[in-house]
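Some notes on the structure that comes next.
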Amino acid sequence: MSKLYIVPTPIGNLKDMTFRAVEVLKEVDLILAEDTRTSGKLLKHFEISTPTQSHHMHNEHKTVEGIVNKINSGMTMALISDAGTPAISDPGFLLTRACIENHIEVDCLPGATAFVPALVNSGLPNDKFVFEGFLPIKKGRQTRLLLLAEETRTIIFYESPHKLIKTLGHFCEYFGEDRPVSVSRELSKLYEETIRGTAKEVLEHYTNKPPKGEIVIIVGGKS
């Protein structure tokens, strides 16, 4: 029966690809990829020859209807992102919702997601947490930070390396310099590291040592 598979891909280390993920990607009729060039390297590594089609944040509004029609006609597809689980700060939500609305079965495989190891590595409470993803770049950023300053649960953010200093500075300003922070970068890769401390200490660290790579920030809740 035709369906949509949501397939996580490694966030860095190719050994984190699951056997089931490889099997599904080999068996489906079409793979929807965020960047076909990036995914092409992964597919080649695992000898997956299934055809691919581009599906990213800039075209997903236009392509969802056509994809749903193809699945309804009998095709089975898999959605992958460049790294991690699709729809987690990546394209995927619109297509998943459209499939559900059209009574198409959706099967999301378990697998790599960057914030889970970062959260566990932080040593901060993880029984309750809030996933914020990327903060607004300009409009709404201050409003969001003021709201989150009162959040008592552990908070998870994604950030790019060239914006990390600015974001940590905002944490000092809105959350307080003593708020516990953990920054994990390059998770599962050769130069993986986690820096823990107060917001001020972590800001000072990365001010003296500019960061590189993909970054997850874990912030302790208000006590």
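Residues in the structure tokens are numbered from 1 in each chain, the chains being A, B, ... in the order shown, and ligands are numbered from 1 in the order shown.
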So that each row is one residue of range 77-111 of chain A with an atom at most 10 Å from range 52-66 of chain A, can you give its shortest atom pair and the distance in Å to one decimal, using only C-alpha atoms, rows by chain and rising number, as a tab-separated table?
residue	atom	partner	partner_atom	distance
A:Met77	CA	A:Thr52	CA	9.7
A:Ala78	CA	A:Thr52	CA	9.4
A:Leu79	CA	A:His55	CA	8.3
A:Ile80	CA	A:His55	CA	8.9
A:Ser81	CA	A:His56	CA	8.3
A:Asp82	CA	A:His56	CA	9.8
A:Asp90	CA	A:Met57	CA	7.5
A:Pro91	CA	A:Met57	CA	5.5
A:Gly92	CA	A:Glu60	CA	8.4
A:Phe93	CA	A:Glu60	CA	9.7
A:Leu94	CA	A:Val64	CA	7.3
A:Leu95	CA	A:Val64	CA	5.7
A:Thr96	CA	A:Val64	CA	9.3
A:Arg97	CA	A:Val64	CA	9.8
A:Ala98	CA	A:Val64	CA	7.3
A:Cys99	CA	A:Val64	CA	8.9
Ala149 in chain A surroundings by only C-alpha atoms, 9 Å radius, close-in-sequence under 5 positions cut, as a list in words:
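Here the qualifying residues turn out to be Arg144, Phe171, Tyr174, Phe175, Gly176, Gly221 and Lys222 of chain A.
Atom to atom, CA of Ser73 in chain A and CA of Leu30 in chain A stand 13.1 Å apart.
What separates CA of Ser122 in chain A from CA of Ser160 in chain A is a distance of 18.5 Å.
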Pick out the residues sitting within 9 Å of range 185-194 of chain A, and hand them over as a VMD selection string; count only C-alpha atoms, and ignore anything fewer than 4 positions along from it in its own chain.
chain A and resid 10 to 13 16 114 117 to 118 121 to 122 161 211 to 217
Can you write just those residues out, N, CA, C and O atoms, as a CSV table (one decimal), in the first residue's frame?
chain,number,residue,atom,x,y,z
A,10,PRO,N,21.8,10.5,9.3
A,10,PRO,CA,22.8,10.9,10.3
A,10,PRO,C,23.1,12.4,10.4
A,10,PRO,O,23.0,13.1,9.4
A,11,ILE,N,23.4,12.9,11.6
A,11,ILE,CA,23.7,14.3,11.7
A,11,ILE,C,25.2,14.5,11.5
A,11,ILE,O,25.6,15.7,11.6
A,12,GLY,N,25.9,13.5,11.3
A,12,GLY,CA,27.4,13.7,11.1
A,12,GLY,C,28.0,12.3,10.8
A,12,GLY,O,28.6,12.1,9.7
A,13,ASN,N,27.9,11.4,11.7
A,13,ASN,CA,28.6,10.1,11.6
A,13,ASN,C,27.7,9.2,10.8
A,13,ASN,O,26.6,8.8,11.3
A,16,ASP,N,25.6,6.2,12.1
A,16,ASP,CA,24.3,6.3,12.9
A,16,ASP,C,23.1,6.0,12.0
A,16,ASP,O,22.0,6.1,12.4
A,114,ALA,N,19.5,15.9,16.5
A,114,ALA,CA,20.6,16.6,17.2
A,114,ALA,C,20.3,17.0,18.6
A,114,ALA,O,21.1,16.9,19.5
A,117,PRO,N,20.9,14.1,22.0
A,117,PRO,CA,22.2,13.9,22.7
A,117,PRO,C,22.7,15.2,23.3
A,117,PRO,O,23.3,15.1,24.4
A,118,ALA,N,22.3,16.4,22.7
A,118,ALA,CA,22.8,17.6,23.4
A,118,ALA,C,22.1,17.8,24.7
A,118,ALA,O,22.7,18.3,25.7
A,121,ASN,N,23.6,15.3,27.2
A,121,ASN,CA,24.9,15.7,27.5
A,121,ASN,C,25.0,16.9,28.4
A,121,ASN,O,26.0,17.1,29.1
A,122,SER,N,24.0,17.7,28.4
A,122,SER,CA,24.0,19.0,29.1
A,122,SER,C,24.1,18.8,30.6
A,122,SER,O,24.7,19.7,31.4
A,161,PRO,N,26.7,29.0,13.8
A,161,PRO,CA,27.9,29.5,14.5
A,161,PRO,C,28.1,31.0,14.4
A,161,PRO,O,28.6,31.6,15.4
A,211,PRO,N,33.2,29.7,17.3
A,211,PRO,CA,32.7,28.4,17.0
A,211,PRO,C,32.6,28.1,15.5
A,211,PRO,O,32.5,29.0,14.7
A,212,LYS,N,32.6,26.8,15.2
A,212,LYS,CA,32.3,26.3,13.9
A,212,LYS,C,31.3,25.1,14.0
A,212,LYS,O,31.2,24.5,15.0
A,213,GLY,N,30.6,24.8,12.9
A,213,GLY,CA,29.8,23.7,12.8
A,213,GLY,C,28.4,23.9,13.4
A,213,GLY,O,28.0,25.0,13.8
A,214,GLU,N,27.6,22.8,13.3
A,214,GLU,CA,26.2,22.9,13.8
A,214,GLU,C,26.1,22.9,15.3
A,214,GLU,O,26.9,22.3,16.0
A,215,ILE,N,25.2,23.7,15.8
A,215,ILE,CA,25.2,24.0,17.2
A,215,ILE,C,23.8,23.8,17.8
A,215,ILE,O,22.8,24.2,17.3
A,216,VAL,N,23.8,23.2,19.0
A,216,VAL,CA,22.6,23.1,19.8
A,216,VAL,C,22.9,23.7,21.2
A,216,VAL,O,23.9,23.4,21.8
A,217,ILE,N,22.0,24.6,21.6
A,217,ILE,CA,22.2,25.3,22.9
A,217,ILE,C,21.1,24.7,23.9
A,217,ILE,O,19.9,24.7,23.6
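The closest residue to Leu203 in chain A, picked from A:Leu168, A:Ile218, A:Val28, A:Val181 and counting only C-alpha atoms, is A:Leu168.
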Residue with smallest distance to Glu132 in chain A - pool A:Glu204, A:Glu159, A:Glu173, A:Glu101, counting only C-alpha atoms
A:Glu159
Expected answer as a PyMOL selection string: helix (DSSP H, G or I) residues in range 12-223 of chain A
chain A and resi 14-16+19-27+36-45+60-72+93-101+115-122+141-148+161-174+199-208
Could you pull out the strand (DSSP E) residues of range 43-155 of chain A, going by DSSP on the backbone, and write them as a PyMOL selection string?
chain A and resi 52-54+77-80+105-108+129-133+154-155
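Of the listed residues (A:Val130, A:Val24, A:Val183, A:Leu4), A:Leu4 comes nearest to Lys70 in chain A; the distances count only C-alpha atoms.
Counting only C-alpha atoms, Thr50 in chain A has the following residues at most 10 Å away, ignoring those fewer than 6 positions along the same chain: Leu25, Lys26, Glu27, Val28, Asp29, Leu30, Ile31 and Leu43 of chain A.
The nearest approach to Pro8 in chain A among the residues A:Leu135, A:Ala112, A:Cys172, A:Leu146, with only C-alpha atoms taken into account, belongs to A:Ala112.
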Between CA of Arg179 in chain A and CA of Lys138 in chain A, what is the distance, to one decimal in Å?
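Distance between the two atoms: 23.0 Å.
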Using only C-alpha atoms, which residue out of A:Asp127, A:Phe46, A:Ala21, A:Thr36 lies closest to Thr85 in chain A?
A:Ala21
